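Visitor: Here it is, the structure, as structure tokens.
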Amino acid sequence: MHPHLAIEHDFPLKSLNTFGLAATARRYLRVSGAAELAAVMADAQLASMPRLLLGGGSNLLLTRDFDGLVLHMSGAGKDIVGETASHVLVRGAAGENWHGFVQYTLEQGLGGLENMSLIPGTVGAAPIQNIGAYGAEIKDVFHSLTVFDMASGMVRTMDAAACRFGYRDSVFKHADGQGLAIIDVTFALPRAWQPNLRYAELAQALLEAGVERPTPQQVSDTVVAIRRRKLPDPAVIGNAGSFFKNPVVTREQCAQLLAQFPALVHHAQPDGSEKLAAGWLIDQCGWKGRNLGAAGVYPKQALVLVNNGGASGAEVLALARAIQADVHARYGVMLDPEPVFV
Ligand SMILES: Cc1cc2nc3c(=O)[nH]c(=O)nc-3n(C[C@H](O)[C@H](O)[C@H](O)COP(=O)(O)OP(=O)(O)OC[C@H]3O[C@@H](n4cnc5c(N)ncnc54)[C@H](O)[C@@H]3O)c2cc1C
């Protein structure tokens, strides 16, 4: 065992995942930067173990104990690192809390991240599924990130093209992005900021508050208020946010479904495809508010699966599978889970 790595054995992960699922890691290490990752890879025993990179644990479903090494990405620090005529570059270390980072940028007088306020988790995990909310995604303001490549032991910078961002997707969710540990992320925030009020509920809330020309902070505060009203706080009731992605279907498939289900909730995409509201599909199948063992569907939002207390990962998985089967039988659409299954 490497002398200067504080490796823990049989480490409990319950408080490190927002579902609050009980599971242990055979080995666990808090990682503050590339040096520890290099030391891990230099240790033959550690290097050969299955690895899990962990951030805030808010997009994970721990289905069982993890028989490997959990690398808890905990690097801290945030700073303005550059400026151009049009943008300010702000960098956050992987372990920084995402919402705290958003608030930091707002305190610097910089807009661009406010629609994504209060998304749980870390800065380092934000690019993994190209987090988004209220009509914005991080790819809109992304500049670059630094990774430690566990295979080569090299540190390198990746731009947006290399990250291959998509809807809740990036290279890091695919085979060629495995083994890349994100060390820090840099955002290019515009000097000439315009509010992004494409999302009707956000625009409406600001209007109702009598705010005509909102500041980035006012947009952030409004997003926070809406989210607090609609989503369960993981500190109170375990969950991982939206459990399924909104399925994307062809225009033809959408038309066929509409003929049969005129109330189908769908949104046309710029490329001609249609995004269906997964929450609506689940609700129509009668799952909203229903439980399966200690796992359940949040009564206020059918897209969120919850741990009602003491649920196991296997119970949440069984509930997810039952929902997928019902939605598929009724609509012919397969729901794709958003969290990463471990
Ligand atoms: C109440 C609630 C609301 C949510 N709302 C939203 C929302 O509006 N929009 C949205 O997009 N998401 C949402 N989420 C999902 C979640 O917050 C995001 O996906 C978040 O980015 C996950 O960050 P994390 O640090 O918790 O990642 P984890 O859950 O710890 O990890 C997620 C994945 O990223 C990998 N990973 C973590 N850190 C690193 C790293 N440094 N380098 C490489 N890989 C890494 C992990 O291995 C895993 O595969 C919500 C979750 C909850 C609980």
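In the structure tokens, chains take the letters A, B, ... in the order shown, each chain's residues start at 1, and ligands count up from 1 in the order shown.
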May I ask you to write as an MDAnalysis selection string all residues lying at most 6 Å from ligand 1, with only C-alpha atoms and all ligand atoms counted?
Guide: chainID A and resid 18 52:60 73 94 119:122 124:126 128 131:133 180:183 231:234 239:241 340
Visitor: Would you give me, as a ChimeraX atom specification, the residues in region 54-114 of chain A that DSSP reads as strand (DSSP E)?
Guide: /A:54,60-61,66-73,78-83,87-93
Visitor: Would you mind exporting the chosen residues as a PDB file, in the first residue's frame, restricted to N, CA and C atoms?
Guide:
```pdb
ATOM      1  N   LEU A  54     -16.121   9.655  -7.468  1.00  0.00           N
ATOM      2  CA  LEU A  54     -17.301  10.138  -6.750  1.00  0.00           C
ATOM      3  C   LEU A  54     -17.217  11.647  -6.550  1.00  0.00           C
ATOM      4  N   LEU A  60     -26.167   9.166  -8.686  1.00  0.00           N
ATOM      5  CA  LEU A  60     -25.725   7.777  -8.569  1.00  0.00           C
ATOM      6  C   LEU A  60     -26.827   6.908  -8.004  1.00  0.00           C
ATOM      7  N   LEU A  61     -26.887   5.673  -8.489  1.00  0.00           N
ATOM      8  CA  LEU A  61     -27.726   4.673  -7.838  1.00  0.00           C
ATOM      9  C   LEU A  61     -26.808   3.535  -7.417  1.00  0.00           C
ATOM     10  N   PHE A  66     -19.664  -1.575  -3.230  1.00  0.00           N
ATOM     11  CA  PHE A  66     -18.726  -1.401  -4.334  1.00  0.00           C
ATOM     12  C   PHE A  66     -17.426  -2.127  -4.015  1.00  0.00           C
ATOM     13  N   ASP A  67     -17.144  -3.163  -4.772  1.00  0.00           N
ATOM     14  CA  ASP A  67     -15.976  -4.001  -4.516  1.00  0.00           C
ATOM     15  C   ASP A  67     -14.767  -3.436  -5.270  1.00  0.00           C
ATOM     16  N   GLY A  68     -14.376  -2.232  -4.885  1.00  0.00           N
ATOM     17  CA  GLY A  68     -13.263  -1.584  -5.561  1.00  0.00           C
ATOM     18  C   GLY A  68     -12.858  -0.340  -4.804  1.00  0.00           C
ATOM     19  N   LEU A  69     -12.242   0.591  -5.520  1.00  0.00           N
ATOM     20  CA  LEU A  69     -11.701   1.807  -4.918  1.00  0.00           C
ATOM     21  C   LEU A  69     -12.554   3.014  -5.308  1.00  0.00           C
ATOM     22  N   VAL A  70     -13.120   3.679  -4.306  1.00  0.00           N
ATOM     23  CA  VAL A  70     -13.842   4.927  -4.550  1.00  0.00           C
ATOM     24  C   VAL A  70     -12.863   6.088  -4.425  1.00  0.00           C
ATOM     25  N   LEU A  71     -12.779   6.885  -5.472  1.00  0.00           N
ATOM     26  CA  LEU A  71     -11.922   8.082  -5.464  1.00  0.00           C
ATOM     27  C   LEU A  71     -12.845   9.285  -5.329  1.00  0.00           C
ATOM     28  N   HIS A  72     -12.859   9.855  -4.147  1.00  0.00           N
ATOM     29  CA  HIS A  72     -13.797  10.953  -3.851  1.00  0.00           C
ATOM     30  C   HIS A  72     -13.131  12.263  -4.257  1.00  0.00           C
ATOM     31  N   MET A  73     -13.608  12.848  -5.352  1.00  0.00           N
ATOM     32  CA  MET A  73     -12.966  14.030  -5.943  1.00  0.00           C
ATOM     33  C   MET A  73     -13.300  15.259  -5.099  1.00  0.00           C
ATOM     34  N   LYS A  78     -11.620  28.173  -6.298  1.00  0.00           N
ATOM     35  CA  LYS A  78     -12.320  28.803  -7.415  1.00  0.00           C
ATOM     36  C   LYS A  78     -11.732  30.190  -7.621  1.00  0.00           C
ATOM     37  N   ASP A  79     -11.636  30.597  -8.894  1.00  0.00           N
ATOM     38  CA  ASP A  79     -10.924  31.837  -9.192  1.00  0.00           C
ATOM     39  C   ASP A  79     -11.254  32.338 -10.587  1.00  0.00           C
ATOM     40  N   ILE A  80     -11.072  33.647 -10.768  1.00  0.00           N
ATOM     41  CA  ILE A  80     -11.098  34.211 -12.126  1.00  0.00           C
ATOM     42  C   ILE A  80      -9.713  33.988 -12.706  1.00  0.00           C
ATOM     43  N   VAL A  81      -9.642  33.342 -13.883  1.00  0.00           N
ATOM     44  CA  VAL A  81      -8.325  32.960 -14.396  1.00  0.00           C
ATOM     45  C   VAL A  81      -7.967  33.653 -15.708  1.00  0.00           C
ATOM     46  N   GLY A  82      -8.873  34.445 -16.261  1.00  0.00           N
ATOM     47  CA  GLY A  82      -8.547  35.123 -17.508  1.00  0.00           C
ATOM     48  C   GLY A  82      -9.692  35.999 -17.968  1.00  0.00           C
ATOM     49  N   GLU A  83      -9.389  36.888 -18.906  1.00  0.00           N
ATOM     50  CA  GLU A  83     -10.425  37.783 -19.437  1.00  0.00           C
ATOM     51  C   GLU A  83     -10.168  38.022 -20.909  1.00  0.00           C
ATOM     52  N   HIS A  87     -15.529  38.028 -22.641  1.00  0.00           N
ATOM     53  CA  HIS A  87     -15.808  37.015 -21.622  1.00  0.00           C
ATOM     54  C   HIS A  87     -14.832  37.079 -20.443  1.00  0.00           C
ATOM     55  N   VAL A  88     -15.306  36.550 -19.314  1.00  0.00           N
ATOM     56  CA  VAL A  88     -14.446  36.363 -18.150  1.00  0.00           C
ATOM     57  C   VAL A  88     -14.351  34.857 -17.900  1.00  0.00           C
ATOM     58  N   LEU A  89     -13.140  34.370 -17.711  1.00  0.00           N
ATOM     59  CA  LEU A  89     -12.942  32.931 -17.495  1.00  0.00           C
ATOM     60  C   LEU A  89     -12.880  32.644 -15.993  1.00  0.00           C
ATOM     61  N   VAL A  90     -13.749  31.738 -15.543  1.00  0.00           N
ATOM     62  CA  VAL A  90     -13.806  31.391 -14.124  1.00  0.00           C
ATOM     63  C   VAL A  90     -13.600  29.892 -13.983  1.00  0.00           C
ATOM     64  N   ARG A  91     -12.696  29.521 -13.088  1.00  0.00           N
ATOM     65  CA  ARG A  91     -12.366  28.098 -12.913  1.00  0.00           C
ATOM     66  C   ARG A  91     -12.757  27.612 -11.530  1.00  0.00           C
ATOM     67  N   GLY A  92     -13.299  26.401 -11.474  1.00  0.00           N
ATOM     68  CA  GLY A  92     -13.617  25.774 -10.196  1.00  0.00           C
ATOM     69  C   GLY A  92     -12.961  24.410 -10.124  1.00  0.00           C
ATOM     70  N   ALA A  93     -12.424  24.066  -8.951  1.00  0.00           N
ATOM     71  CA  ALA A  93     -11.851  22.728  -8.759  1.00  0.00           C
ATOM     72  C   ALA A  93     -12.984  21.707  -8.662  1.00  0.00           C
TER      73      ALA A  93
END
```
Visitor: Output as number ranges by chain all residues of region 165-317 of chain A that backbone DSSP marks as alpha helix (DSSP H).
Guide: A: 200-208, 216-230, 251-260, 278-284, 313-317
Visitor: I need the chosen residues saved as a CSV table (one decimal), in the first residue's frame, with N, CA and C atoms.
Guide:
```csv
chain,number,residue,atom,x,y,z
A,200,ALA,N,-40.8,29.0,-19.8
A,200,ALA,CA,-42.0,29.9,-19.5
A,200,ALA,C,-42.2,30.1,-18.0
A,201,GLU,N,-42.0,29.0,-17.2
A,201,GLU,CA,-42.3,29.1,-15.8
A,201,GLU,C,-41.4,30.1,-15.1
A,202,LEU,N,-40.1,30.2,-15.6
A,202,LEU,CA,-39.2,31.1,-15.0
A,202,LEU,C,-39.6,32.6,-15.4
A,203,ALA,N,-39.9,32.8,-16.6
A,203,ALA,CA,-40.3,34.1,-17.1
A,203,ALA,C,-41.5,34.6,-16.3
A,204,GLN,N,-42.5,33.6,-16.2
A,204,GLN,CA,-43.7,33.9,-15.5
A,204,GLN,C,-43.5,34.3,-14.0
A,205,ALA,N,-42.6,33.6,-13.4
A,205,ALA,CA,-42.4,33.8,-11.9
A,205,ALA,C,-41.7,35.2,-11.8
A,206,LEU,N,-40.9,35.6,-12.7
A,206,LEU,CA,-40.2,36.9,-12.6
A,206,LEU,C,-41.2,38.0,-12.8
A,207,LEU,N,-42.1,37.8,-13.8
A,207,LEU,CA,-43.1,38.7,-14.1
A,207,LEU,C,-44.1,39.0,-12.9
A,208,GLU,N,-44.5,37.8,-12.3
A,208,GLU,CA,-45.4,37.9,-11.2
A,208,GLU,C,-44.7,38.7,-10.0
A,216,PRO,N,-28.7,38.8,-12.9
A,216,PRO,CA,-28.4,37.4,-12.8
A,216,PRO,C,-28.8,36.9,-11.4
A,217,GLN,N,-28.5,37.7,-10.3
A,217,GLN,CA,-28.9,37.2,-9.0
A,217,GLN,C,-30.4,37.0,-8.8
A,218,GLN,N,-31.2,37.9,-9.4
A,218,GLN,CA,-32.6,37.8,-9.3
A,218,GLN,C,-33.1,36.5,-10.0
A,219,VAL,N,-32.5,36.2,-11.2
A,219,VAL,CA,-32.9,35.0,-11.9
A,219,VAL,C,-32.5,33.8,-11.0
A,220,SER,N,-31.3,33.8,-10.4
A,220,SER,CA,-30.9,32.7,-9.6
A,220,SER,C,-31.8,32.5,-8.4
A,221,ASP,N,-32.2,33.6,-7.7
A,221,ASP,CA,-33.1,33.5,-6.6
A,221,ASP,C,-34.4,32.9,-7.0
A,222,THR,N,-34.9,33.3,-8.2
A,222,THR,CA,-36.2,32.8,-8.6
A,222,THR,C,-36.1,31.3,-9.0
A,223,VAL,N,-35.0,30.9,-9.6
A,223,VAL,CA,-34.8,29.5,-9.9
A,223,VAL,C,-34.8,28.7,-8.6
A,224,VAL,N,-34.1,29.2,-7.6
A,224,VAL,CA,-34.0,28.6,-6.3
A,224,VAL,C,-35.4,28.4,-5.7
A,225,ALA,N,-36.2,29.4,-5.8
A,225,ALA,CA,-37.5,29.4,-5.2
A,225,ALA,C,-38.4,28.3,-5.9
A,226,ILE,N,-38.3,28.3,-7.2
A,226,ILE,CA,-39.1,27.3,-8.0
A,226,ILE,C,-38.7,25.9,-7.6
A,227,ARG,N,-37.3,25.7,-7.6
A,227,ARG,CA,-36.8,24.4,-7.3
A,227,ARG,C,-37.2,23.9,-5.9
A,228,ARG,N,-37.1,24.8,-4.9
A,228,ARG,CA,-37.4,24.4,-3.6
A,228,ARG,C,-38.9,24.0,-3.5
A,229,ARG,N,-39.7,24.6,-4.3
A,229,ARG,CA,-41.2,24.3,-4.3
A,229,ARG,C,-41.5,23.0,-4.9
A,230,LYS,N,-40.7,22.6,-6.0
A,230,LYS,CA,-41.1,21.5,-6.8
A,230,LYS,C,-40.3,20.2,-6.5
A,251,ARG,N,-40.3,12.7,-35.4
A,251,ARG,CA,-41.6,13.5,-35.6
A,251,ARG,C,-42.7,12.5,-36.0
A,252,GLU,N,-42.4,11.5,-36.8
A,252,GLU,CA,-43.4,10.5,-37.2
A,252,GLU,C,-43.9,9.7,-36.0
A,253,GLN,N,-43.0,9.3,-35.2
A,253,GLN,CA,-43.4,8.5,-34.0
A,253,GLN,C,-44.2,9.4,-33.0
A,254,CYS,N,-43.9,10.6,-32.9
A,254,CYS,CA,-44.6,11.5,-32.1
A,254,CYS,C,-46.1,11.7,-32.6
A,255,ALA,N,-46.2,11.9,-34.0
A,255,ALA,CA,-47.5,12.0,-34.6
A,255,ALA,C,-48.4,10.8,-34.4
A,256,GLN,N,-47.8,9.6,-34.5
A,256,GLN,CA,-48.5,8.4,-34.2
A,256,GLN,C,-49.0,8.3,-32.8
A,257,LEU,N,-48.1,8.7,-31.8
A,257,LEU,CA,-48.6,8.7,-30.4
A,257,LEU,C,-49.7,9.7,-30.2
A,258,LEU,N,-49.5,10.9,-30.8
A,258,LEU,CA,-50.5,12.0,-30.6
A,258,LEU,C,-51.9,11.5,-31.1
A,259,ALA,N,-51.9,10.8,-32.2
A,259,ALA,CA,-53.2,10.3,-32.7
A,259,ALA,C,-53.9,9.4,-31.7
A,260,GLN,N,-53.1,8.7,-30.9
A,260,GLN,CA,-53.7,7.8,-29.9
A,260,GLN,C,-53.9,8.5,-28.6
A,278,ALA,N,-41.0,12.8,-19.9
A,278,ALA,CA,-41.0,11.5,-19.2
A,278,ALA,C,-41.9,11.5,-18.0
A,279,GLY,N,-42.0,12.6,-17.3
A,279,GLY,CA,-42.8,12.7,-16.1
A,279,GLY,C,-44.3,12.5,-16.4
A,280,TRP,N,-44.7,13.0,-17.6
A,280,TRP,CA,-46.1,12.9,-18.0
A,280,TRP,C,-46.4,11.4,-18.3
A,281,LEU,N,-45.5,10.7,-19.0
A,281,LEU,CA,-45.7,9.3,-19.4
A,281,LEU,C,-45.8,8.5,-18.1
A,282,ILE,N,-45.0,8.8,-17.1
A,282,ILE,CA,-45.0,8.0,-15.9
A,282,ILE,C,-46.3,8.2,-15.1
A,283,ASP,N,-46.7,9.5,-15.1
A,283,ASP,CA,-47.9,9.9,-14.4
A,283,ASP,C,-49.1,9.2,-15.0
A,284,GLN,N,-49.1,9.2,-16.4
A,284,GLN,CA,-50.3,8.5,-17.1
A,284,GLN,C,-50.3,7.0,-16.8
A,313,GLY,N,-30.8,-0.1,-2.7
A,313,GLY,CA,-30.6,0.2,-4.1
A,313,GLY,C,-31.4,-0.8,-5.0
A,314,ALA,N,-31.5,-2.0,-4.6
A,314,ALA,CA,-32.2,-3.0,-5.4
A,314,ALA,C,-33.7,-2.7,-5.5
A,315,GLU,N,-34.2,-2.1,-4.4
A,315,GLU,CA,-35.6,-1.7,-4.4
A,315,GLU,C,-35.9,-0.6,-5.4
A,316,VAL,N,-35.0,0.4,-5.4
A,316,VAL,CA,-35.1,1.5,-6.3
A,316,VAL,C,-35.0,1.0,-7.7
A,317,LEU,N,-34.1,0.1,-7.9
A,317,LEU,CA,-33.9,-0.5,-9.3
A,317,LEU,C,-35.2,-1.2,-9.7
```
Visitor: Please, what distance in Å, to one decimal, runs between CA of Leu13 (chain A) and CA of Ala25 (chain A)?
Guide: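 Separation of CA of Leu13 (chain A) and CA of Ala25 (chain A): 6.9 Å.
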Visitor: In Å, with one decimal, what is the gap from CA of Val211 (chain A) to CA of Ile138 (chain A)?
Guide: 25.1 Å
Visitor: Find the distance between CA of Glu114 (chain A) and CA of Gln194 (chain A) and write it in Å to one decimal.
Guide: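 For CA of Glu114 (chain A) relative to CA of Gln194 (chain A), the distance reads 11.2 Å.
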